[in-house]
>>> print(open('query_16.cif').read())   # mmCIF, C-alpha atoms
data_target
loop_
_atom_site.label_atom_id
_atom_site.label_comp_id
_atom_site.auth_asym_id
_atom_site.auth_seq_id
_atom_site.Cartn_x
_atom_site.Cartn_y
_atom_site.Cartn_z
CA MET A 1 55.61 -42.27 132.47
CA ARG A 2 57.62 -41.08 129.44
CA ALA A 3 59.79 -43.49 127.46
CA ILE A 4 63.39 -42.32 127.67
CA LYS A 5 65.76 -43.36 124.89
CA TYR A 6 68.79 -44.18 127.00
CA ARG A 7 71.03 -45.15 124.09
CA GLU A 8 70.47 -41.75 122.49
CA LEU A 9 71.18 -40.12 125.83
CA LYS A 10 74.46 -42.02 126.11
CA ARG A 11 75.33 -41.13 122.52
CA MET A 12 74.73 -37.44 123.27
CA TYR A 13 76.97 -37.78 126.30
CA ASP A 14 79.76 -39.28 124.18
CA LEU A 15 79.46 -36.81 121.29
CA ALA A 16 78.40 -33.54 122.93
CA GLY A 17 80.20 -34.07 126.20
CA PRO A 18 79.11 -34.13 129.84
CA ALA A 19 78.47 -30.38 130.18
CA GLN A 20 76.03 -30.09 127.27
CA THR A 21 74.25 -33.33 128.17
CA VAL A 22 73.81 -32.30 131.78
CA ARG A 23 72.60 -28.86 130.67
CA HIS A 24 70.09 -30.47 128.30
CA LEU A 25 68.81 -32.77 131.04
CA THR A 26 68.59 -29.94 133.55
CA GLU A 27 66.50 -27.82 131.17
CA ALA A 28 64.19 -30.74 130.37
CA LEU A 29 63.67 -31.46 134.07
CA GLN A 30 63.16 -27.80 134.99
CA GLN A 31 60.64 -27.24 132.19
CA GLY A 32 58.70 -30.38 133.03
CA HIS A 33 59.43 -32.19 129.78
CA LEU A 34 60.96 -34.93 131.93
CA ARG A 35 60.23 -35.96 135.51
CA PRO A 36 62.56 -37.79 137.89
CA GLU A 37 60.03 -40.65 137.96
CA ASP A 38 60.51 -41.14 134.22
CA PHE A 39 64.00 -42.55 134.77
CA SER A 40 65.03 -46.11 135.57
CA LEU A 41 68.31 -46.62 137.39
CA ARG A 42 68.80 -50.07 135.89
CA GLU A 43 68.10 -48.98 132.31
CA LEU A 44 70.29 -45.92 132.73
CA ALA A 45 73.07 -48.12 134.13
CA GLU A 46 72.74 -50.58 131.24
CA ALA A 47 73.04 -47.71 128.75
CA THR A 48 76.04 -46.04 130.41
CA LEU A 49 77.83 -48.94 132.09
CA GLY A 50 76.79 -51.71 129.73
CA GLN A 51 74.42 -54.61 130.22
CA GLN A 52 77.27 -56.95 131.09
CA ALA A 53 78.42 -54.66 133.90
CA VAL A 54 74.90 -54.48 135.35
CA ARG A 55 74.50 -58.27 135.17
CA MET A 56 77.77 -58.66 137.04
CA LEU A 57 76.32 -56.74 139.97
CA ASP A 58 74.77 -60.10 140.81
CA PRO A 59 77.27 -61.98 143.04
CA ARG A 60 76.36 -65.18 141.21
CA ALA A 61 77.81 -63.62 138.06
CA GLY A 62 81.04 -62.78 139.79
CA GLY A 63 80.04 -59.69 141.74
CA VAL A 64 83.09 -57.70 140.66
CA ASN A 65 83.70 -54.02 141.20
CA LEU A 66 82.20 -51.92 138.41
CA LEU A 67 85.62 -50.56 137.54
CA GLU A 68 86.74 -54.12 136.83
CA ALA A 69 83.71 -55.02 134.71
CA GLY A 70 85.46 -54.60 131.39
CA GLU A 71 85.93 -52.11 128.60
CA GLY A 72 83.36 -49.43 127.87
CA VAL A 73 82.26 -48.96 131.49
CA ASP A 74 81.73 -45.25 132.16
CA VAL A 75 80.86 -44.73 135.80
CA THR A 76 81.21 -40.97 135.37
CA ALA A 77 78.43 -40.78 132.80
CA PHE A 78 76.11 -42.81 135.01
CA ALA A 79 76.93 -40.67 138.05
CA ASN A 80 76.51 -37.34 136.23
CA ILE A 81 73.18 -38.21 134.64
CA THR A 82 71.82 -39.81 137.81
CA GLY A 83 72.98 -36.74 139.72
CA GLN A 84 70.73 -34.48 137.66
CA VAL A 85 67.74 -36.73 138.32
CA VAL A 86 68.45 -36.80 142.05
CA GLN A 87 68.97 -33.03 142.12
CA ALA A 88 65.64 -32.43 140.37
CA ARG A 89 63.83 -34.48 143.02
CA ILE A 90 65.69 -32.69 145.83
CA MET A 91 64.81 -29.26 144.46
CA GLU A 92 61.13 -30.20 144.03
CA ALA A 93 60.95 -30.98 147.75
CA TYR A 94 63.20 -28.09 148.80
CA THR A 95 61.06 -25.45 147.05
CA GLN A 96 57.60 -26.86 147.74
CA GLU A 97 54.67 -24.50 148.26
CA ALA A 98 54.46 -25.10 152.02
CA PHE A 99 57.68 -23.12 152.49
CA VAL A 100 55.93 -19.77 152.15
CA LEU A 101 58.35 -17.42 153.88
CA SER A 102 61.39 -18.74 152.01
CA LYS A 103 59.78 -17.40 148.83
CA LEU A 104 58.92 -14.01 150.34
CA VAL A 105 62.35 -12.99 151.65
CA GLU A 106 65.37 -12.00 149.61
CA THR A 107 68.28 -14.40 149.20
CA ILE A 108 71.58 -12.52 149.43
CA PRO A 109 74.69 -14.37 148.18
CA THR A 110 77.70 -13.91 150.45
CA ARG A 111 81.17 -15.39 150.78
CA LEU A 112 81.47 -14.42 154.42
CA ASP A 113 80.62 -16.35 157.57
CA GLY A 114 78.46 -13.57 158.96
CA GLU A 115 79.20 -10.10 157.66
CA ARG A 116 78.86 -6.40 158.29
CA ILE A 117 76.53 -4.89 155.71
CA ALA A 118 77.53 -1.28 155.37
CA GLY A 119 75.03 1.41 154.57
CA ILE A 120 74.92 5.15 154.32
CA GLY A 121 72.87 6.94 156.92
CA ARG A 122 71.43 10.16 155.56
CA ILE A 123 71.68 13.29 157.64
CA ALA A 124 68.59 15.38 158.25
CA ASP A 125 67.15 17.47 155.45
CA GLU A 126 69.38 20.53 155.18
CA ALA A 127 68.41 21.72 151.73
CA ALA A 128 68.98 25.43 151.48
CA GLU A 129 68.50 28.02 148.83
CA VAL A 130 71.52 28.45 146.55
CA HIS A 131 72.02 32.07 145.64
CA PRO A 132 73.35 33.04 142.20
CA GLY A 133 77.13 32.59 141.97
CA MET A 134 77.36 30.78 145.33
CA PRO A 135 78.69 27.20 145.74
CA TYR A 136 76.35 24.31 146.38
CA PRO A 137 76.56 22.90 149.90
CA SER A 138 77.89 19.34 150.32
CA LEU A 139 75.59 16.67 151.69
CA GLY A 140 77.16 14.76 154.56
CA PHE A 141 76.68 11.10 155.39
CA SER A 142 76.91 9.18 158.64
CA GLU A 143 78.17 5.62 159.11
CA ASP A 144 75.46 2.98 159.18
CA TYR A 145 75.72 -0.81 159.26
CA ILE A 146 74.17 -4.06 160.48
CA ASP A 147 75.89 -7.31 161.44
CA THR A 148 74.37 -10.54 160.15
CA PRO A 149 74.65 -13.85 162.04
CA GLN A 150 77.17 -16.57 161.27
CA THR A 151 76.17 -19.00 158.57
CA ARG A 152 75.82 -22.75 159.16
CA LYS A 153 76.29 -25.70 156.84
CA ARG A 154 73.66 -28.45 156.61
CA GLY A 155 73.55 -31.51 154.43
CA PHE A 156 73.09 -35.24 153.84
CA ILE A 157 74.37 -38.06 151.63
CA VAL A 158 72.11 -39.93 149.21
CA PRO A 159 73.61 -43.35 148.35
CA VAL A 160 72.87 -45.46 145.28
CA THR A 161 73.57 -49.11 146.09
CA LYS A 162 74.11 -52.16 143.89
CA GLU A 163 70.68 -53.39 144.95
CA ALA A 164 69.04 -50.12 143.89
CA ILE A 165 70.42 -50.60 140.38
CA PHE A 166 70.02 -54.36 140.14
CA PHE A 167 66.42 -54.40 141.42
CA ASP A 168 65.68 -51.03 139.80
CA ARG A 169 64.64 -49.36 143.05
CA THR A 170 64.59 -45.93 141.46
CA HIS A 171 61.60 -44.91 143.57
CA LEU A 172 63.56 -45.62 146.77
CA VAL A 173 66.48 -43.41 145.73
CA LEU A 174 64.11 -40.63 144.67
CA GLN A 175 62.22 -40.97 147.96
CA ARG A 176 65.44 -40.49 149.89
CA ALA A 177 66.32 -37.51 147.69
CA ALA A 178 62.91 -35.97 148.37
CA GLU A 179 63.38 -36.47 152.11
CA VAL A 180 66.73 -34.67 151.95
CA GLY A 181 65.22 -31.76 150.04
CA GLU A 182 62.25 -31.53 152.38
CA ILE A 183 64.36 -31.65 155.54
CA LEU A 184 66.73 -28.94 154.31
CA GLY A 185 63.86 -26.78 153.04
CA LEU A 186 61.89 -27.24 156.24
CA ASN A 187 64.89 -26.33 158.38
CA LYS A 188 65.45 -23.13 156.39
CA GLU A 189 61.76 -22.21 156.60
CA LYS A 190 61.65 -22.79 160.38
CA ARG A 191 64.69 -20.59 160.95
CA LEU A 192 63.10 -17.78 158.93
CA LEU A 193 59.76 -18.22 160.71
CA ASP A 194 61.43 -18.03 164.12
CA LEU A 195 62.70 -14.60 163.09
CA LEU A 196 59.28 -13.60 161.80
CA ILE A 197 57.43 -14.50 165.00
CA GLY A 198 60.17 -13.04 167.23
CA ALA A 199 61.27 -16.32 168.82
CA THR A 200 64.78 -15.57 167.52
CA ASN A 201 66.23 -12.07 167.49
CA ASN A 202 69.47 -11.39 165.60
CA TYR A 203 69.11 -7.78 164.47
CA THR A 204 72.37 -6.01 165.33
CA TRP A 205 72.58 -2.37 164.30
CA ARG A 206 75.73 -0.32 164.88
CA GLY A 207 77.00 -2.92 167.32
CA THR A 208 73.84 -3.06 169.48
CA ARG A 209 71.52 -6.08 169.55
CA TYR A 210 67.80 -5.30 169.28
CA ASN A 211 64.64 -7.33 169.46
CA THR A 212 62.76 -7.58 166.19
CA TYR A 213 59.50 -6.42 167.79
CA TYR A 214 58.61 -3.71 170.31
CA LYS A 215 55.20 -2.59 171.47
CA ALA A 216 54.11 0.52 173.29
CA GLY A 217 55.42 0.47 176.85
CA ASP A 218 58.43 -1.78 176.13
CA SER A 219 61.96 -0.71 177.00
CA GLY A 220 64.63 -0.52 174.36
CA PRO A 221 68.32 -1.40 174.79
CA GLY A 222 69.73 0.39 177.83
CA GLY A 223 66.30 0.92 179.37
CA GLY A 224 65.26 3.74 177.07
CA PRO A 225 62.06 4.01 175.02
CA PRO A 226 61.45 1.43 172.29
CA PRO A 227 63.36 2.32 169.09
CA TRP A 228 60.25 1.50 167.07
CA ILE A 229 56.78 0.10 167.67
CA ASN A 230 55.71 -2.72 165.37
CA VAL A 231 53.34 -4.84 167.49
CA ILE A 232 49.59 -4.42 167.80
CA ASP A 233 46.86 -6.52 169.39
CA GLN A 234 44.24 -6.60 166.65
CA GLU A 235 42.24 -9.53 165.41
CA LEU A 236 41.90 -9.60 161.64
CA VAL A 237 38.20 -8.77 161.29
CA ASP A 238 37.91 -5.90 158.82
CA TRP A 239 39.78 -3.09 157.12
CA THR A 240 40.15 -1.10 160.35
CA ASP A 241 42.52 -3.75 161.75
CA VAL A 242 44.75 -3.41 158.70
CA ASP A 243 44.55 0.36 159.06
CA ALA A 244 45.81 0.07 162.64
CA ALA A 245 48.92 -1.71 161.37
CA GLU A 246 49.39 0.82 158.59
CA GLN A 247 49.35 3.63 161.17
CA LEU A 248 52.37 2.03 162.87
CA PHE A 249 54.22 2.20 159.56
CA ALA A 250 53.21 5.85 159.27
CA ASP A 251 54.92 6.52 162.62
CA MET A 252 58.21 4.76 161.72
CA LEU A 253 61.13 7.20 161.66
CA ASP A 254 64.59 6.98 160.14
CA PRO A 255 66.98 6.77 163.12
CA ASN A 256 69.56 8.97 161.35
CA THR A 257 67.33 11.80 160.23
CA GLY A 258 64.13 11.63 162.24
CA GLU A 259 62.26 11.71 158.94
CA PRO A 260 59.51 9.17 158.14
CA VAL A 261 60.72 5.86 156.76
CA LEU A 262 59.27 5.42 153.29
CA ILE A 263 57.49 2.11 153.78
CA ARG A 264 54.84 0.47 151.69
CA ALA A 265 53.51 -2.81 153.04
CA THR A 266 52.98 -5.30 150.24
CA THR A 267 52.20 -8.68 151.82
CA VAL A 268 50.13 -10.18 154.61
CA LEU A 269 50.95 -13.57 156.15
CA VAL A 270 48.24 -15.32 158.17
CA THR A 271 47.78 -18.58 160.05
CA PRO A 272 45.25 -21.16 158.75
CA ALA A 273 42.61 -19.90 161.18
CA TYR A 274 42.58 -16.56 159.36
CA ARG A 275 42.43 -18.00 155.83
CA HIS A 276 38.79 -17.13 155.20
CA ALA A 277 38.87 -13.95 157.28
CA ALA A 278 41.78 -12.67 155.18
CA HIS A 279 39.94 -13.52 151.98
CA ARG A 280 36.92 -11.56 153.23
CA VAL A 281 38.96 -8.55 154.39
CA PHE A 282 41.29 -8.16 151.41
CA ASN A 283 39.09 -9.35 148.56
CA ALA A 284 35.82 -7.69 149.47
CA ALA A 285 34.45 -5.52 146.68
CA GLU A 286 33.56 -2.68 149.08
CA ILE A 287 33.79 -1.59 152.71
CA GLN A 288 31.22 0.08 154.92
CA TYR A 289 31.90 2.62 157.63
CA SER A 290 29.84 4.47 160.20
CA ALA A 291 31.55 7.04 162.42
CA SER A 292 30.90 6.73 166.13
CA GLY A 293 27.88 8.82 167.12
CA SER A 294 27.12 9.70 163.51
CA GLY A 295 24.11 8.69 161.48
CA VAL A 296 26.14 8.80 158.26
CA HIS A 297 26.79 5.39 156.69
CA THR A 298 29.56 5.35 154.08
CA VAL A 299 30.12 2.72 151.41
CA ALA A 300 33.41 2.82 149.50
CA ALA A 301 35.62 0.64 147.31
CA ASN A 302 37.91 -1.69 149.26
CA PRO A 303 41.30 0.05 149.57
CA LEU A 304 43.14 -3.21 150.44
CA GLY A 305 43.12 -4.85 147.02
CA ASN A 306 46.84 -4.32 146.40
CA TYR A 307 47.98 -6.64 149.19
CA ARG A 308 49.26 -10.14 148.56
CA VAL A 309 47.86 -12.57 151.14
CA VAL A 310 49.62 -15.86 151.95
CA GLU A 311 48.85 -18.57 154.50
CA SER A 312 51.46 -20.51 156.47
CA ARG A 313 50.62 -23.65 158.40
CA LEU A 314 54.23 -23.83 159.55
CA ALA A 315 54.04 -20.35 161.08
CA TYR A 316 51.21 -21.54 163.31
CA ARG A 317 53.28 -24.55 164.41
CA ARG A 318 56.30 -22.37 165.19
CA ILE A 319 54.16 -20.05 167.33
CA LEU A 320 52.97 -23.09 169.28
CA ALA A 321 56.58 -24.29 169.62
CA ALA A 322 57.44 -20.88 171.10
CA GLY A 323 55.10 -21.64 174.01
CA TYR A 324 51.82 -20.00 173.03
CA GLN A 325 48.44 -21.66 173.43
CA PRO A 326 46.48 -22.66 170.31
CA GLU A 327 43.78 -20.03 170.84
CA GLN A 328 46.50 -17.38 171.01
CA ALA A 329 48.54 -18.70 168.09
CA LYS A 330 45.55 -18.80 165.74
CA ARG A 331 45.14 -15.01 165.92
CA TRP A 332 48.64 -13.99 164.83
CA TRP A 333 49.15 -12.24 161.50
CA PHE A 334 51.92 -10.21 159.91
CA ILE A 335 51.98 -7.35 157.43
CA GLY A 336 54.86 -5.56 155.73
CA ASP A 337 57.52 -5.68 153.06
CA PHE A 338 59.09 -9.05 153.79
CA ARG A 339 61.90 -8.66 151.26
CA ARG A 340 63.17 -5.57 153.06
CA ALA A 341 62.59 -6.88 156.57
CA PHE A 342 64.31 -10.28 156.32
CA ALA A 343 66.87 -12.06 154.16
CA TYR A 344 68.59 -15.39 153.83
CA MET A 345 72.36 -14.89 153.75
CA GLU A 346 73.51 -17.70 151.47
CA ASN A 347 77.10 -18.91 151.10
CA TRP A 348 75.95 -21.52 148.62
CA PRO A 349 72.56 -22.90 147.57
CA ILE A 350 71.62 -26.58 147.39
CA THR A 351 74.75 -28.15 145.92
CA ILE A 352 75.36 -31.78 144.95
CA SER A 353 78.80 -33.39 144.87
CA VAL A 354 79.38 -36.84 143.36
CA SER A 355 81.68 -39.36 145.01
CA PRO A 356 84.67 -40.48 142.92
CA PRO A 357 84.51 -43.95 141.34
CA GLY A 358 86.13 -46.81 143.19
CA SER A 359 85.58 -45.37 146.65
CA GLU A 360 85.88 -47.47 149.81
CA ALA A 361 82.09 -47.40 150.19
CA GLU A 362 81.73 -49.32 146.93
CA PHE A 363 83.77 -52.22 148.26
CA SER A 364 82.64 -52.22 151.90
CA GLN A 365 78.96 -51.20 151.50
CA ASP A 366 78.08 -51.98 147.86
CA ILE A 367 77.43 -48.28 147.26
CA VAL A 368 78.06 -47.59 143.57
CA VAL A 369 77.82 -43.81 143.82
CA ARG A 370 76.98 -41.27 146.54
CA PHE A 371 75.58 -37.77 146.23
CA LYS A 372 76.54 -35.30 148.95
CA VAL A 373 73.92 -32.58 149.30
CA SER A 374 74.65 -29.39 151.23
CA GLU A 375 73.65 -25.77 151.64
CA ARG A 376 75.06 -23.07 153.87
CA GLY A 377 73.39 -19.90 155.03
CA ALA A 378 71.69 -18.00 157.83
CA ALA A 379 68.36 -16.26 158.31
CA ALA A 380 68.82 -12.59 159.15
CA VAL A 381 66.73 -9.58 160.16
CA ILE A 382 67.68 -6.74 157.81
CA ASN A 383 65.31 -3.99 158.98
CA PRO A 384 62.50 -4.69 161.47
CA ARG A 385 60.83 -1.38 160.66
CA TYR A 386 59.37 -3.02 157.57
CA ILE A 387 57.25 -5.57 159.43
CA VAL A 388 54.31 -5.36 161.87
CA LYS A 389 53.12 -8.26 163.97
CA SER A 390 49.61 -8.54 165.38
CA THR A 391 49.01 -11.07 168.13
CA GLY A 392 45.25 -10.55 167.97
CA GLN A 393 44.75 -10.59 171.74
CA ALA A 394 42.48 -7.56 171.99
#
>>> encode(input="query_16.cif", output="structure tokens")
Amino acid sequence: MRAIKYRELKRMYDLAGPAQTVRHLTEALQQGHLRPEDFSLRELAEATLGQQAVRMLDPRAGGVNLLEAGEGVDVTAFANITGQVVQARIMEAYTQEAFVLSKLVETIPTRLDGERIAGIGRIADEAAEVHPGMPYPSLGFSEDYIDTPQTRKRGFIVPVTKEAIFFDRTHLVLQRAAEVGEILGLNKEKRLLDLLIGATNNYTWRGTRYNTYYKAGDSGPGGGPPPWINVIDQELVDWTDVDAAEQLFADMLDPNTGEPVLIRATTVLVTPAYRHAAHRVFNAAEIQYSASGSGVHTVAANPLGNYRVVESRLAYRRILAAGYQPEQAKRWWFIGDFRRAFAYMENWPITISVSPPGSEAEFSQDIVVRFKVSERGAAAVINPRYIVKSTGQA
């Protein structure tokens, strides 16, 4: 645990101002020079509010409101500095490594509660020879758009009580902050995973709702053929299973032009049961191949070395929650360009608001300061043609 010089911190706050002090603390916490556990609520309160004010938190000493504790009491400084410590703990839990998919998809800032993302649909290739002295033909465009789902707000309040300061229960406040960050991060990850596995479908293109996944033989909207095929039944055993998925990408067509969609799969997401299989398939130094009925045995360099492979325990749990049996759920894996297939439409990221001093909660509940934590967004399918799902049932 690092020794924090609270008096110097308070002096910086007084001389440099709240903005620079908070920025300095934020950088130190982000870079790991300081950790939330390095702070003491009581010592921080004594430095910012004064030792006399902290002693008067004890009812035997009078138990007055902090605002009545005398000159030099700066509740704002205490709240602002404590807020950065609490936020650092929240963000540690919110961005933990277990939330794999949240790190793979793109976060798109938006000020709308669900929006229409306009695009330009290319017309088919009509390039023609331009003869000398003749005008160039104009390239036309067709309207193209998707509608993203409505965003939702989620959040909690982290209170700091008189007891937390008086008894220096910093660990308890940080534990609550970590729980808030973990719950919000887990909720976001689960919503994204439900899109990934197909339990939730919110892809709306040109006013028509589609499923994220279709396999051969399925019916599309209106009973027609599937608009794309991005489901296979291949266990992840060797390079041929990856090749089967890549062939689906090769068959994807642009709905406006009928031309191939230029897709390059970059990432593979597997359940824990496929952890070692994926390592063997994608990290092998070479592959071996023998054509059916041929005596020729070919050894070549592994062509799959450019893929990024990630494992998600939560994906396995979401597949089970969707009603699949464990032996089925273990075999699922996904391949594609996750940043182009899915996105998180974000009105605002994790944001912390500080309660004003002298609130009713201070008098009625002995809560010195409260931190309101919220985020608002929605998980959205942007283009399902960039993802292939394998249920491994073959």
>>> residues_around(input="query_16.cif", residues="Ala343 of chain A", least_positions_apart="5", cutoff="8 Å", atoms="only C-alpha atoms", output="number ranges by chain")
A: 105-108, 379-382
>>> resolve_selection(input="query_16.cif", expression="the PyMOL selection byres ((chain A and resi 383-391) around 8)", output="PyMOL selection string")
chain A and resi 197+203+212-213+228+230-235+245+248-249+252+263+265+328-329+331-338+340-342+381-382+392-393
>>> closest_residue(input="query_16.cif", among="A:Glu375, A:Glu360, A:Asp238, A:Asp366", to="Lys162 of chain A", atoms="only C-alpha atoms")
A:Asp366
>>> resolve_selection(input="query_16.cif", expression="the PyMOL selection byres ((chain A and resi 281-285) around 6)", output="ChimeraX atom specification")
/A:238,278-280,286,302,304-305
>>> write_last_selection(input="query_16.cif", atoms="C-alpha atoms", output="PDB file, in the coordinates of the input")
ATOM      1  CA  ASP A 238      37.910  -5.900 158.820  1.00  0.00           C
ATOM      2  CA  ALA A 278      41.780 -12.670 155.180  1.00  0.00           C
ATOM      3  CA  HIS A 279      39.940 -13.520 151.980  1.00  0.00           C
ATOM      4  CA  ARG A 280      36.920 -11.560 153.230  1.00  0.00           C
ATOM      5  CA  GLU A 286      33.560  -2.680 149.080  1.00  0.00           C
ATOM      6  CA  ASN A 302      37.910  -1.690 149.260  1.00  0.00           C
ATOM      7  CA  LEU A 304      43.140  -3.210 150.440  1.00  0.00           C
ATOM      8  CA  GLY A 305      43.120  -4.850 147.020  1.00  0.00           C
TER       9      GLY A 305
END
>>> atom_distance(input="query_16.cif", atom1="atom CA of Arg370 of chain A", atom2="atom CA of Ile157 of chain A")
6.6 Å
>>> closest_residue(input="query_16.cif", among="A:Met345, A:Val237, A:Leu29, A:Met91", to="Arg191 of chain A", atoms="only C-alpha atoms")
A:Met345
>>> resolve_selection(input="query_16.cif", expression="the PyMOL selection byres ((chain A and resi 161) around 10)", output="VMD selection string")
chain A and resid 158 to 160 162 to 166 169 173 361 to 362 365 to 370
>>> write_last_selection(input="query_16.cif", atoms="C-alpha atoms", output="PDB file, keeping the file's coordinate frame")
ATOM      1  CA  VAL A 158      72.110 -39.930 149.210  1.00  0.00           C
ATOM      2  CA  PRO A 159      73.610 -43.350 148.350  1.00  0.00           C
ATOM      3  CA  VAL A 160      72.870 -45.460 145.280  1.00  0.00           C
ATOM      4  CA  LYS A 162      74.110 -52.160 143.890  1.00  0.00           C
ATOM      5  CA  GLU A 163      70.680 -53.390 144.950  1.00  0.00           C
ATOM      6  CA  ALA A 164      69.040 -50.120 143.890  1.00  0.00           C
ATOM      7  CA  ILE A 165      70.420 -50.600 140.380  1.00  0.00           C
ATOM      8  CA  PHE A 166      70.020 -54.360 140.140  1.00  0.00           C
ATOM      9  CA  ARG A 169      64.640 -49.360 143.050  1.00  0.00           C
ATOM     10  CA  VAL A 173      66.480 -43.410 145.730  1.00  0.00           C
ATOM     11  CA  ALA A 361      82.090 -47.400 150.190  1.00  0.00           C
ATOM     12  CA  GLU A 362      81.730 -49.320 146.930  1.00  0.00           C
ATOM     13  CA  GLN A 365      78.960 -51.200 151.500  1.00  0.00           C
ATOM     14  CA  ASP A 366      78.080 -51.980 147.860  1.00  0.00           C
ATOM     15  CA  ILE A 367      77.430 -48.280 147.260  1.00  0.00           C
ATOM     16  CA  VAL A 368      78.060 -47.590 143.570  1.00  0.00           C
ATOM     17  CA  VAL A 369      77.820 -43.810 143.820  1.00  0.00           C
ATOM     18  CA  ARG A 370      76.980 -41.270 146.540  1.00  0.00           C
TER      19      ARG A 370
END
>>> closest_residue(input="query_16.cif", among="A:Lys215, A:Lys190, A:His171, A:His276", to="Ser40 of chain A", atoms="only C-alpha atoms")
A:His171
>>> atom_distance(input="query_16.cif", atom1="atom CA of Pro221 of chain A", atom2="atom CA of Asn256 of chain A")
17.0 Å
>>> residues_around(input="query_16.cif", residues="Pro225 of chain A", least_positions_apart="4", cutoff="12 Å", atoms="all atoms listed in the file", output="JSON, numbers by chain")
{"A": [214, 215, 216, 217, 218, 219, 220, 221, 229]}
>>> write_last_selection(input="query_16.cif", atoms="C-alpha atoms", output="short mmCIF file (atom, residue, chain, number, x, y, z; two decimals), in the coordinates of the input")
data_model
loop_
_atom_site.label_atom_id
_atom_site.label_comp_id
_atom_site.auth_asym_id
_atom_site.auth_seq_id
_atom_site.Cartn_x
_atom_site.Cartn_y
_atom_site.Cartn_z
CA TYR A 214 58.61 -3.71 170.31
CA LYS A 215 55.20 -2.59 171.47
CA ALA A 216 54.11 0.52 173.29
CA GLY A 217 55.42 0.47 176.85
CA ASP A 218 58.43 -1.78 176.13
CA SER A 219 61.96 -0.71 177.00
CA GLY A 220 64.63 -0.52 174.36
CA PRO A 221 68.32 -1.40 174.79
CA ILE A 229 56.78 0.10 167.67
#
>>> residues_around(input="query_16.cif", residues="segment 306-310 of chain A", least_positions_apart="3", cutoff="8 Å", atoms="all atoms listed in the file", output="MDAnalysis selection string")
chainID A and resid 100 265:270 278 282 303
>>> write_last_selection(input="query_16.cif", atoms="C-alpha atoms", output="compact mmCIF listing (two decimals), keeping the file's coordinate frame")
# COMPACT_ATOMS: atom_id res chain seq x y z
CA VAL A 100 55.93 -19.77 152.15
CA ALA A 265 53.51 -2.81 153.04
CA THR A 266 52.98 -5.30 150.24
CA THR A 267 52.20 -8.68 151.82
CA VAL A 268 50.13 -10.18 154.61
CA LEU A 269 50.95 -13.57 156.15
CA VAL A 270 48.24 -15.32 158.17
CA ALA A 278 41.78 -12.67 155.18
CA PHE A 282 41.29 -8.16 151.41
CA PRO A 303 41.30 0.05 149.57
